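Here is coords05.pdb, consisting of PDB, C-alpha atoms:
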```pdb
ATOM      1  CA  MET A   1     -25.423  13.905  -9.731
ATOM      2  CA  GLY A   2     -23.094  13.273 -12.659
ATOM      3  CA  LEU A   3     -19.447  12.348 -12.842
ATOM      4  CA  THR A   4     -16.955  13.060 -10.090
ATOM      5  CA  ILE A   5     -13.218  12.657  -9.715
ATOM      6  CA  GLY A   6     -11.591  10.704  -6.906
ATOM      7  CA  VAL A   7      -7.984  11.373  -5.908
ATOM      8  CA  ASP A   8      -5.757   8.839  -4.177
ATOM      9  CA  ILE A   9      -2.506  10.213  -2.740
ATOM     10  CA  GLY A  10       0.079   7.450  -2.666
ATOM     11  CA  GLY A  11       3.675   7.396  -1.537
ATOM     12  CA  THR A  12       5.022   7.332  -5.096
ATOM     13  CA  LYS A  13       2.116   8.522  -7.249
ATOM     14  CA  ILE A  14      -1.080  10.533  -7.113
ATOM     15  CA  ALA A  15      -3.931   8.964  -9.060
ATOM     16  CA  ALA A  16      -7.081  10.787 -10.140
ATOM     17  CA  GLY A  17      -9.987   8.955 -11.724
ATOM     18  CA  VAL A  18     -13.337   9.884 -13.222
ATOM     19  CA  VAL A  19     -16.026   7.767 -11.540
ATOM     20  CA  ASP A  20     -19.690   7.378 -12.423
ATOM     21  CA  GLU A  21     -22.585   6.878 -10.002
ATOM     22  CA  ASP A  22     -22.239   3.085 -10.201
ATOM     23  CA  GLY A  23     -18.640   3.160  -9.061
ATOM     24  CA  ASN A  24     -17.119   2.548 -12.490
ATOM     25  CA  ILE A  25     -13.791   4.233 -13.231
ATOM     26  CA  LEU A  26     -14.026   5.805 -16.688
ATOM     27  CA  SER A  27     -10.545   7.272 -16.948
ATOM     28  CA  THR A  28      -7.470   7.841 -14.804
ATOM     29  CA  PHE A  29      -4.494  10.148 -14.754
ATOM     30  CA  LYS A  30      -1.397   9.702 -12.612
ATOM     31  CA  VAL A  31       1.468  11.965 -11.621
ATOM     32  CA  PRO A  32       4.509  11.321  -9.397
ATOM     33  CA  THR A  33       4.118  12.269  -5.746
ATOM     34  CA  PRO A  34       6.378  15.246  -4.974
ATOM     35  CA  THR A  35       8.267  15.609  -1.718
ATOM     36  CA  THR A  36       7.072  19.005  -0.471
ATOM     37  CA  PRO A  37       3.577  19.834   0.824
ATOM     38  CA  GLN A  38       2.892  22.682  -1.603
ATOM     39  CA  ALA A  39       4.157  20.678  -4.556
ATOM     40  CA  ILE A  40       1.748  17.900  -3.604
ATOM     41  CA  VAL A  41      -1.162  20.356  -3.796
ATOM     42  CA  ASP A  42       0.005  21.378  -7.263
ATOM     43  CA  ALA A  43       0.323  17.714  -8.277
ATOM     44  CA  ILE A  44      -3.221  16.972  -7.094
ATOM     45  CA  ALA A  45      -4.509  19.802  -9.262
ATOM     46  CA  SER A  46      -2.501  18.530 -12.206
ATOM     47  CA  ALA A  47      -3.877  15.011 -11.809
ATOM     48  CA  VAL A  48      -7.437  16.321 -11.604
ATOM     49  CA  GLU A  49      -6.984  18.397 -14.747
ATOM     50  CA  GLY A  50      -5.531  15.427 -16.587
ATOM     51  CA  ALA A  51      -8.380  13.111 -15.585
ATOM     52  CA  ARG A  52     -11.195  15.558 -16.344
ATOM     53  CA  ALA A  53     -10.245  16.019 -19.999
ATOM     54  CA  GLY A  54     -13.279  15.183 -22.130
ATOM     55  CA  HIS A  55     -15.629  14.779 -19.159
ATOM     56  CA  GLU A  56     -18.207  17.023 -17.526
ATOM     57  CA  ILE A  57     -17.241  16.883 -13.823
ATOM     58  CA  VAL A  58     -19.392  18.078 -10.918
ATOM     59  CA  GLY A  59     -16.993  17.612  -8.006
ATOM     60  CA  VAL A  60     -13.758  16.204  -6.640
ATOM     61  CA  GLY A  61     -13.118  13.964  -3.634
ATOM     62  CA  ILE A  62      -9.599  13.670  -2.186
ATOM     63  CA  GLY A  63      -8.514  10.810   0.053
ATOM     64  CA  ALA A  64      -5.766  12.034   2.389
ATOM     65  CA  ALA A  65      -3.874   9.978   4.952
ATOM     66  CA  GLY A  66      -4.315  11.955   8.145
ATOM     67  CA  TYR A  67      -6.806  13.653  10.421
ATOM     68  CA  VAL A  68      -9.405  15.560   8.397
ATOM     69  CA  ASN A  69     -11.903  17.930   9.985
ATOM     70  CA  ARG A  70     -15.611  17.185  10.007
ATOM     71  CA  GLN A  71     -16.256  19.911   7.432
ATOM     72  CA  ARG A  72     -14.159  17.876   4.957
ATOM     73  CA  SER A  73     -11.940  20.846   4.218
ATOM     74  CA  THR A  74      -8.801  20.880   6.360
ATOM     75  CA  VAL A  75      -6.149  18.274   7.120
ATOM     76  CA  TYR A  76      -5.419  18.744  10.820
ATOM     77  CA  PHE A  77      -2.373  16.494  10.719
ATOM     78  CA  ALA A  78      -0.821  14.111   8.192
ATOM     79  CA  PRO A  79       1.782  11.586   9.355
ATOM     80  CA  ASN A  80       3.674  11.285   6.063
ATOM     81  CA  ILE A  81       3.250  14.790   4.635
ATOM     82  CA  ASP A  82       4.127  17.982   6.482
ATOM     83  CA  TRP A  83       0.507  19.140   6.521
ATOM     84  CA  ARG A  84      -0.575  20.871   9.724
ATOM     85  CA  GLN A  85      -3.954  22.641   9.595
ATOM     86  CA  GLU A  86      -3.686  22.453   5.809
ATOM     87  CA  PRO A  87      -6.694  24.091   4.012
ATOM     88  CA  LEU A  88      -6.576  21.479   1.255
ATOM     89  CA  LYS A  89     -10.144  21.978   0.036
ATOM     90  CA  SER A  90      -9.747  25.689  -0.731
ATOM     91  CA  GLU A  91      -6.250  25.259  -2.156
ATOM     92  CA  VAL A  92      -7.345  22.660  -4.703
ATOM     93  CA  GLU A  93     -10.631  24.455  -5.488
ATOM     94  CA  ASP A  94      -8.678  27.594  -6.352
ATOM     95  CA  ARG A  95      -6.668  25.622  -8.889
ATOM     96  CA  VAL A  96      -9.318  23.444 -10.554
ATOM     97  CA  GLY A  97     -12.497  25.530 -10.248
ATOM     98  CA  LEU A  98     -14.584  22.618  -8.979
ATOM     99  CA  PRO A  99     -16.200  21.832  -5.615
ATOM    100  CA  VAL A 100     -13.794  19.721  -3.538
ATOM    101  CA  VAL A 101     -14.254  17.580  -0.445
ATOM    102  CA  VAL A 102     -11.406  16.060   1.549
ATOM    103  CA  GLU A 103     -11.744  12.711   3.303
ATOM    104  CA  ASN A 104      -9.490  10.539   5.374
ATOM    105  CA  ASP A 105      -8.188   7.912   2.946
ATOM    106  CA  ALA A 106      -9.297   4.944   5.072
ATOM    107  CA  ASN A 107     -12.784   6.453   5.349
ATOM    108  CA  ALA A 108     -12.856   6.831   1.582
ATOM    109  CA  ALA A 109     -11.808   3.208   1.045
ATOM    110  CA  ALA A 110     -14.395   2.036   3.565
ATOM    111  CA  TRP A 111     -17.130   3.952   1.777
ATOM    112  CA  GLY A 112     -16.060   2.546  -1.580
ATOM    113  CA  GLU A 113     -16.268  -1.010  -0.249
ATOM    114  CA  TYR A 114     -19.597  -0.340   1.456
ATOM    115  CA  LYS A 115     -21.210   1.117  -1.669
ATOM    116  CA  PHE A 116     -19.654  -0.939  -4.445
ATOM    117  CA  GLY A 117     -17.624  -3.796  -2.955
ATOM    118  CA  GLY A 118     -17.757  -6.295  -0.122
ATOM    119  CA  GLY A 119     -20.247  -4.275   1.926
ATOM    120  CA  LYS A 120     -23.053  -4.154  -0.636
ATOM    121  CA  GLY A 121     -26.328  -5.155   0.982
ATOM    122  CA  HIS A 122     -25.219  -4.201   4.525
ATOM    123  CA  ARG A 123     -26.390  -1.169   6.509
ATOM    124  CA  ASN A 124     -23.864  -1.466   9.341
ATOM    125  CA  VAL A 125     -20.275  -2.372   8.510
ATOM    126  CA  ILE A 126     -16.859  -1.749   9.965
ATOM    127  CA  CYS A 127     -13.952  -1.719   7.543
ATOM    128  CA  ILE A 128     -10.336  -2.253   8.491
ATOM    129  CA  THR A 129      -7.370  -1.912   6.178
ATOM    130  CA  LEU A 130      -4.421  -4.164   6.922
ATOM    131  CA  GLY A 131      -1.490  -2.642   5.093
ATOM    132  CA  THR A 132       1.767  -1.123   6.209
ATOM    133  CA  GLY A 133      -0.291   0.215   9.098
ATOM    134  CA  LEU A 134      -3.909  -0.326  10.154
ATOM    135  CA  GLY A 135      -6.791   1.983   9.295
ATOM    136  CA  GLY A 136     -10.535   1.758   9.087
ATOM    137  CA  GLY A 137     -13.953   3.273   8.645
ATOM    138  CA  ILE A 138     -17.359   3.125  10.308
ATOM    139  CA  ILE A 139     -20.646   2.912   8.399
ATOM    140  CA  ILE A 140     -23.677   2.749  10.669
ATOM    141  CA  GLY A 141     -27.216   3.154   9.359
ATOM    142  CA  ASN A 142     -25.885   3.658   5.814
ATOM    143  CA  LYS A 143     -23.890   6.710   6.913
ATOM    144  CA  LEU A 144     -20.158   7.249   7.247
ATOM    145  CA  ARG A 145     -19.502   8.136  10.871
ATOM    146  CA  ARG A 146     -16.669  10.610  11.258
ATOM    147  CA  GLY A 147     -17.145  11.620  14.902
ATOM    148  CA  HIS A 148     -17.658  15.091  16.325
ATOM    149  CA  PHE A 149     -14.287  16.436  15.160
ATOM    150  CA  GLY A 150     -14.046  14.274  12.032
ATOM    151  CA  VAL A 151     -11.251  11.964  13.204
ATOM    152  CA  ALA A 152     -13.107   8.826  14.281
ATOM    153  CA  ALA A 153     -12.069   5.294  13.255
ATOM    154  CA  GLU A 154      -8.333   5.678  13.837
ATOM    155  CA  PHE A 155      -8.424   2.018  14.809
ATOM    156  CA  GLY A 156      -4.716   1.471  14.322
ATOM    157  CA  HIS A 157      -4.003   3.622  17.363
ATOM    158  CA  ILE A 158      -6.249   1.862  19.829
ATOM    159  CA  ARG A 159      -3.901   0.799  22.608
ATOM    160  CA  MET A 160      -4.045  -2.985  22.671
ATOM    161  CA  VAL A 161      -1.054  -3.541  24.951
ATOM    162  CA  PRO A 162      -0.378  -1.145  27.855
ATOM    163  CA  ASP A 163       3.241   0.004  27.664
ATOM    164  CA  GLY A 164       3.678  -2.163  24.567
ATOM    165  CA  LEU A 165       5.688  -1.576  21.426
ATOM    166  CA  LEU A 166       6.468   2.015  20.507
ATOM    167  CA  CYS A 167       4.310   3.269  17.641
ATOM    168  CA  GLY A 168       5.157   5.895  15.048
ATOM    169  CA  CYS A 169       2.381   8.039  16.508
ATOM    170  CA  GLY A 170       4.393   8.358  19.735
ATOM    171  CA  SER A 171       2.191   6.093  21.830
ATOM    172  CA  GLN A 172       2.877   2.524  22.910
ATOM    173  CA  GLY A 173       1.009  -0.713  22.281
ATOM    174  CA  CYS A 174      -1.098   0.497  19.349
ATOM    175  CA  TRP A 175      -3.090  -2.144  17.473
ATOM    176  CA  GLU A 176      -1.208  -1.569  14.233
ATOM    177  CA  GLN A 177       2.026  -2.596  15.927
ATOM    178  CA  TYR A 178       0.546  -6.094  16.234
ATOM    179  CA  ALA A 179      -1.732  -6.410  13.184
ATOM    180  CA  SER A 180      -0.183  -4.867  10.078
ATOM    181  CA  GLY A 181       2.307  -5.556   7.319
ATOM    182  CA  ARG A 182       5.129  -4.223   9.480
ATOM    183  CA  ALA A 183       4.089  -6.533  12.308
ATOM    184  CA  LEU A 184       3.987  -9.548   9.988
ATOM    185  CA  VAL A 185       7.560  -8.945   8.837
ATOM    186  CA  ARG A 186       8.698  -8.486  12.430
ATOM    187  CA  TYR A 187       7.088 -11.766  13.481
ATOM    188  CA  ALA A 188       8.732 -13.619  10.625
ATOM    189  CA  LYS A 189      12.181 -12.180  11.294
ATOM    190  CA  GLN A 190      11.965 -12.984  15.005
ATOM    191  CA  ARG A 191      10.849 -16.553  14.381
ATOM    192  CA  ALA A 192      13.346 -17.183  11.611
ATOM    193  CA  ASN A 193      16.127 -15.941  13.861
ATOM    194  CA  ALA A 194      15.006 -18.172  16.740
ATOM    195  CA  THR A 195      14.356 -21.342  14.698
ATOM    196  CA  PRO A 196      16.006 -21.073  11.276
ATOM    197  CA  GLU A 197      15.473 -24.797  10.725
ATOM    198  CA  ASN A 198      11.720 -24.063  10.524
ATOM    199  CA  ALA A 199      12.201 -21.282   7.980
ATOM    200  CA  THR A 200      14.188 -22.940   5.228
ATOM    201  CA  VAL A 201      11.739 -22.009   2.471
ATOM    202  CA  LEU A 202      11.293 -18.481   3.772
ATOM    203  CA  LEU A 203      15.017 -17.816   4.136
ATOM    204  CA  SER A 204      15.694 -19.142   0.639
ATOM    205  CA  MET A 205      13.559 -16.352  -0.845
ATOM    206  CA  GLY A 206      15.655 -13.484   0.457
ATOM    207  CA  ASP A 207      19.369 -13.192   1.104
ATOM    208  CA  GLY A 208      19.441 -16.202   3.409
ATOM    209  CA  THR A 209      19.250 -14.163   6.615
ATOM    210  CA  PRO A 210      16.278 -13.130   8.775
ATOM    211  CA  ASP A 211      17.061  -9.458   8.070
ATOM    212  CA  GLY A 212      16.494 -10.105   4.358
ATOM    213  CA  ILE A 213      12.894 -11.248   4.826
ATOM    214  CA  GLU A 214      10.257  -9.111   3.084
ATOM    215  CA  GLY A 215       6.477  -9.273   3.126
ATOM    216  CA  LYS A 216       6.263 -10.889  -0.301
ATOM    217  CA  HIS A 217       8.581 -13.664   0.850
ATOM    218  CA  ILE A 218       6.310 -14.495   3.788
ATOM    219  CA  SER A 219       3.285 -14.840   1.534
ATOM    220  CA  MET A 220       5.049 -17.109  -0.951
ATOM    221  CA  ALA A 221       6.615 -19.232   1.772
ATOM    222  CA  ALA A 222       3.342 -19.611   3.672
ATOM    223  CA  ARG A 223       1.654 -20.945   0.556
ATOM    224  CA  GLN A 224       4.383 -23.579   0.405
ATOM    225  CA  GLY A 225       3.771 -24.539   4.025
ATOM    226  CA  ASP A 226       6.848 -22.943   5.583
ATOM    227  CA  PRO A 227       6.212 -23.279   9.367
ATOM    228  CA  VAL A 228       7.616 -19.879  10.326
ATOM    229  CA  ALA A 229       5.706 -18.069   7.572
ATOM    230  CA  VAL A 230       2.446 -19.817   8.461
ATOM    231  CA  ASP A 231       2.925 -19.127  12.170
ATOM    232  CA  SER A 232       3.647 -15.459  11.461
ATOM    233  CA  TYR A 233       0.310 -15.112   9.685
ATOM    234  CA  ARG A 234      -1.407 -16.840  12.590
ATOM    235  CA  GLU A 235       0.138 -14.392  15.041
ATOM    236  CA  LEU A 236      -0.992 -11.411  12.981
ATOM    237  CA  ALA A 237      -4.473 -12.934  12.667
ATOM    238  CA  ARG A 238      -4.668 -13.532  16.410
ATOM    239  CA  TRP A 239      -4.245  -9.833  17.060
ATOM    240  CA  ALA A 240      -6.461  -8.762  14.162
ATOM    241  CA  GLY A 241      -9.306 -11.026  15.252
ATOM    242  CA  ALA A 242      -9.041  -9.947  18.874
ATOM    243  CA  GLY A 243      -9.335  -6.321  17.786
ATOM    244  CA  LEU A 244     -12.401  -7.091  15.677
ATOM    245  CA  ALA A 245     -14.006  -8.723  18.709
ATOM    246  CA  ASP A 246     -13.492  -5.477  20.639
ATOM    247  CA  LEU A 247     -14.985  -3.467  17.763
ATOM    248  CA  ALA A 248     -17.985  -5.823  17.712
ATOM    249  CA  SER A 249     -18.616  -4.940  21.346
ATOM    250  CA  LEU A 250     -18.555  -1.259  20.421
ATOM    251  CA  PHE A 251     -20.468  -1.182  17.123
ATOM    252  CA  ASP A 252     -22.232  -4.556  16.640
ATOM    253  CA  PRO A 253     -21.967  -4.489  12.819
ATOM    254  CA  SER A 254     -23.384  -7.119  10.510
ATOM    255  CA  ALA A 255     -20.047  -7.405   8.723
ATOM    256  CA  PHE A 256     -16.375  -6.575   8.962
ATOM    257  CA  ILE A 257     -14.760  -5.805   5.620
ATOM    258  CA  VAL A 258     -11.031  -6.559   5.639
ATOM    259  CA  GLY A 259      -9.064  -4.629   3.033
ATOM    260  CA  GLY A 260      -5.539  -3.384   2.528
ATOM    261  CA  GLY A 261      -2.600  -5.187   0.976
ATOM    262  CA  LEU A 262      -2.725  -8.141   3.368
ATOM    263  CA  SER A 263      -6.313  -8.922   2.350
ATOM    264  CA  ASP A 264      -4.968  -9.799  -1.101
ATOM    265  CA  GLU A 265      -3.775 -13.056   0.475
ATOM    266  CA  GLY A 266      -7.396 -14.183   0.783
ATOM    267  CA  GLU A 267      -8.128 -17.118   3.064
ATOM    268  CA  LEU A 268      -4.486 -17.379   4.087
ATOM    269  CA  VAL A 269      -5.140 -14.412   6.352
ATOM    270  CA  LEU A 270      -8.959 -14.285   6.547
ATOM    271  CA  ASP A 271      -9.560 -17.790   7.865
ATOM    272  CA  PRO A 272      -7.316 -17.387  10.942
ATOM    273  CA  ILE A 273      -8.749 -13.896  11.535
ATOM    274  CA  ARG A 274     -12.257 -15.393  11.644
ATOM    275  CA  LYS A 275     -11.137 -18.049  14.098
ATOM    276  CA  SER A 276      -9.502 -15.483  16.359
ATOM    277  CA  PHE A 277     -12.553 -13.219  16.148
ATOM    278  CA  LYS A 278     -14.819 -16.065  17.283
ATOM    279  CA  ARG A 279     -12.354 -17.019  20.016
ATOM    280  CA  TRP A 280     -12.328 -13.547  21.560
ATOM    281  CA  LEU A 281     -15.913 -12.407  20.896
ATOM    282  CA  VAL A 282     -17.657 -12.017  24.242
ATOM    283  CA  GLY A 283     -20.624 -14.382  24.403
ATOM    284  CA  GLY A 284     -19.696 -15.667  20.977
ATOM    285  CA  ASN A 285     -21.378 -19.027  21.433
ATOM    286  CA  TRP A 286     -24.701 -17.407  22.275
ATOM    287  CA  ARG A 287     -24.992 -14.315  20.092
ATOM    288  CA  PRO A 288     -25.216 -13.590  16.350
ATOM    289  CA  GLN A 289     -21.796 -13.009  14.831
ATOM    290  CA  ALA A 290     -20.751 -10.532  12.186
ATOM    291  CA  GLU A 291     -19.360 -11.854   8.934
ATOM    292  CA  VAL A 292     -15.667 -11.273   8.290
ATOM    293  CA  ILE A 293     -15.334 -10.847   4.541
ATOM    294  CA  ALA A 294     -12.688  -9.731   2.079
ATOM    295  CA  ALA A 295     -12.705  -6.343   0.419
ATOM    296  CA  GLN A 296     -13.377  -6.533  -3.305
ATOM    297  CA  LEU A 297     -12.119  -3.282  -4.831
ATOM    298  CA  GLY A 298      -8.435  -3.680  -4.002
ATOM    299  CA  ASN A 299      -6.364  -0.534  -4.420
ATOM    300  CA  LYS A 300      -9.229   1.178  -6.272
ATOM    301  CA  ALA A 301     -11.398   1.454  -3.137
ATOM    302  CA  GLY A 302     -10.001   4.780  -1.947
ATOM    303  CA  LEU A 303     -10.295   6.491  -5.315
ATOM    304  CA  VAL A 304     -13.836   5.193  -5.940
ATOM    305  CA  GLY A 305     -14.933   5.999  -2.392
ATOM    306  CA  ALA A 306     -13.518   9.534  -2.470
ATOM    307  CA  ALA A 307     -15.256  10.224  -5.778
ATOM    308  CA  ASP A 308     -18.589   8.981  -4.453
ATOM    309  CA  LEU A 309     -18.273  10.940  -1.222
ATOM    310  CA  ALA A 310     -17.961  14.079  -3.346
ATOM    311  CA  ARG A 311     -21.651  13.479  -4.148
ATOM    312  CA  GLU A 312     -22.652  13.113  -0.499
ATOM    313  CA  PRO A 313     -24.252  16.077   1.290
ATOM    314  CA  ASP A 314     -22.196  18.061   3.772
ATOM    315  CA  PRO A 315     -22.162  15.887   6.958
ATOM    316  CA  ILE A 316     -22.510  18.981   9.135
ATOM    317  CA  MET A 317     -25.949  19.731   7.709
TER     318      MET A 317
END
```
Could I get this structure in the form of C-alpha cells?
Amino acid sequence: MGLTIGVDIGGTKIAAGVVDEDGNILSTFKVPTPTTPQAIVDAIASAVEGARAGHEIVGVGIGAAGYVNRQRSTVYFAPNIDWRQEPLKSEVEDRVGLPVVVENDANAAAWGEYKFGGGKGHRNVICITLGTGLGGGIIIGNKLRRGHFGVAAEFGHIRMVPDGLLCGCGSQGCWEQYASGRALVRYAKQRANATPENATVLLSMGDGTPDGIEGKHISMAARQGDPVAVDSYRELARWAGAGLADLASLFDPSAFIVGGGLSDEGELVLDPIRKSFKRWLVGGNWRPQAEVIAAQLGNKAGLVGAADLAREPDPIM
C-alpha cells in the first residue's frame, strides 16, 4: 500500500510523520497548535506538507480527540477544540490533495499498539490510555470496533459512581474522574493535606504545600517510598483495575494494553492494577484471565496507528 502520513494533534503541537507498512516512522514534521478551529485545519495541512517532502504518499490518517463518525470523515464533537460537525476529512483533502481518514485519537493509539506494540500476537485486545483523562479502543477479531455511529470505546465516561464527582463532560461519576492523571494528583493532594507527616518526601518536591503537588512529584516520591505517593498510586490502580474487570465481562479479551502517560511508570502502576483487576474479576479464581501489559510505543502510538488506519478499507463497506 505504500507510505502514509499519521497526524497527532496535541495541545501544544501538531506532529505529522511518514510511516511505512511495518510501523516505522521515516520522517516527522511539527508545527505549533493554533488556538482557533480553522487555523488548526490549516496547521494540519502544513504539517502534512512538511512531512511528505521527498516521499511518495498514498494517504493521510488524522487522530482527533473527540467523537468521529463511522465514515471517518466528520468530527461530531471535540472537547478541547471548538469542532462541532466539523468536516475534517474534506477540509484537509482540499488542502493536501491526498485521501484522508479521520480517527478518534485513542482508537488510533489502540490500533498502533495492537499492530506494532504491546498487542502483537493478539486477536482480541482492549486498550486503555491513562493520561490526563482516560480513553481507549476495542480490537475484536483483528478489527477496530467503532460502534454503529463511530463513537464506541469512550471508556472514560462510563459512570462508575452514581452521583459521583462532576466530570468535564457534564456527567457525574465517570471512570476518568477516578483513574487518570488528574485523579492521581487529587488523591495525593487530599492525602498530603490530611497526613502531611506521611508526605515529607512528596511535599519537599514542590512548594512545600499540598496545592503545589504535581504529577511528576508523585512519581518521584513513590519511587522513594513516600507513603502518600505510594497510596495515591494504589488508589488510582484500584479504580483502574475494577474498570478493567467490568470490561472483561463485556469483551473477554486476551489482553488489556495500558498506555498513556501513567503507563510510563511501568510496574509502579501496572502491578497494583493487575492485583485490583484480579480482585474484582467475577469468577476470577475459576476462569482464564486476560493479561494486563504495558503499551510499548509511548507517545508515538497515535501517529503510527493513524497512519496505518489510512491503509485500512472503509469500515462501512
Problem - Polymer residues at most 9 Å from segment 181-194 of chain A, all atoms listed in the file, same-chain spacing of 2 or more positions, as number ranges by chain - result: A: 130-134, 176-179, 196-200, 202-203, 209-215, 218, 228-229, 231-233, 235-236, 261-262
Practice task
In Å, rounded to a single decimal, give me how far atom CA of Ser263 of chain A is from atom CA of Val60 of chain A.
Solution key: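 Spanning atom CA of Val60 of chain A to atom CA of Ser263 of chain A is a straight-line distance of 27.7 Å.
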Exercise for the section: Identify all residues satisfying the PyMOL selection byres ((chain A and resi 33) around 10) in the given file; provide them as a PyMOL selection string. Expected result: chain A and resi 9-15+30-32+34-36+39-41+43-44
Export, as a PDB file, in the frame of the given file, the selected residues with C-alpha atoms.
```pdb
ATOM      1  CA  ILE A   9      -2.506  10.213  -2.740  1.00  0.00           C
ATOM      2  CA  GLY A  10       0.079   7.450  -2.666  1.00  0.00           C
ATOM      3  CA  GLY A  11       3.675   7.396  -1.537  1.00  0.00           C
ATOM      4  CA  THR A  12       5.022   7.332  -5.096  1.00  0.00           C
ATOM      5  CA  LYS A  13       2.116   8.522  -7.249  1.00  0.00           C
ATOM      6  CA  ILE A  14      -1.080  10.533  -7.113  1.00  0.00           C
ATOM      7  CA  ALA A  15      -3.931   8.964  -9.060  1.00  0.00           C
ATOM      8  CA  LYS A  30      -1.397   9.702 -12.612  1.00  0.00           C
ATOM      9  CA  VAL A  31       1.468  11.965 -11.621  1.00  0.00           C
ATOM     10  CA  PRO A  32       4.509  11.321  -9.397  1.00  0.00           C
ATOM     11  CA  PRO A  34       6.378  15.246  -4.974  1.00  0.00           C
ATOM     12  CA  THR A  35       8.267  15.609  -1.718  1.00  0.00           C
ATOM     13  CA  THR A  36       7.072  19.005  -0.471  1.00  0.00           C
ATOM     14  CA  ALA A  39       4.157  20.678  -4.556  1.00  0.00           C
ATOM     15  CA  ILE A  40       1.748  17.900  -3.604  1.00  0.00           C
ATOM     16  CA  VAL A  41      -1.162  20.356  -3.796  1.00  0.00           C
ATOM     17  CA  ALA A  43       0.323  17.714  -8.277  1.00  0.00           C
ATOM     18  CA  ILE A  44      -3.221  16.972  -7.094  1.00  0.00           C
TER      19      ILE A  44
END
```
Practice task
Give the answer as one residue: which of A:Gly243, A:Gly6, A:Gly170, A:Gly119 has the shortest atom-to-atom distance to Gly259 of chain A, using only C-alpha atoms?
Solution key: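 Between A:Gly243, A:Gly6, A:Gly170, A:Gly119, the residue approaching Gly259 of chain A most closely is A:Gly119.
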Problem - Option closest in space to Gly260 of chain A, from A:Val292, A:Val19, A:Leu297, A:Ala152 [counting all atoms listed in the file] - result: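 Result for the nearest residue to Gly260 of chain A: A:Leu297.
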Practice task
Mind checking which residues fall within 6 Å of Gly61 of chain A, counting all atoms listed in the file, ignoring those fewer than 3 positions away in the same chain, and posting them as a PyMOL selection string?
Solution key: chain A and resi 6+100-102+306-307+310
Just the selected residues (C-alpha atoms), exported as an mmCIF file, in the frame of the given file, please.
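Now in part.cif:
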```cif
data_model
loop_
_atom_site.group_PDB
_atom_site.id
_atom_site.type_symbol
_atom_site.label_atom_id
_atom_site.label_comp_id
_atom_site.auth_asym_id
_atom_site.auth_seq_id
_atom_site.Cartn_x
_atom_site.Cartn_y
_atom_site.Cartn_z
ATOM 1 C CA GLY A 6 -11.591 10.704 -6.906
ATOM 2 C CA VAL A 100 -13.794 19.721 -3.538
ATOM 3 C CA VAL A 101 -14.254 17.580 -0.445
ATOM 4 C CA VAL A 102 -11.406 16.060 1.549
ATOM 5 C CA ALA A 306 -13.518 9.534 -2.470
ATOM 6 C CA ALA A 307 -15.256 10.224 -5.778
ATOM 7 C CA ALA A 310 -17.961 14.079 -3.346
#
```
Practice task
Measuring atom to atom with only C-alpha atoms, identify which of A:Gly2, A:Ala237, A:Thr74, A:Arg311 is nearest to Leu268 of chain A.
Solution key: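 Between A:Gly2, A:Ala237, A:Thr74, A:Arg311, the residue approaching Leu268 of chain A most closely is A:Ala237.
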Handout entry: Spatial neighbours of Ile128 of chain A, 6 Å, all atoms listed in the file, chain gap at least 2 places, as number ranges by chain
Key = A: 135-136, 258
Handout entry: Contact residues around Arg72 of chain A with all atoms listed in the file at 12 Å, ignoring same-chain residues under 6 positions, as an MDAnalysis selection string
Key = chainID A and resid 60:64 66 86:90 99:105 107:108 146 149:151 306 309:310 312:316
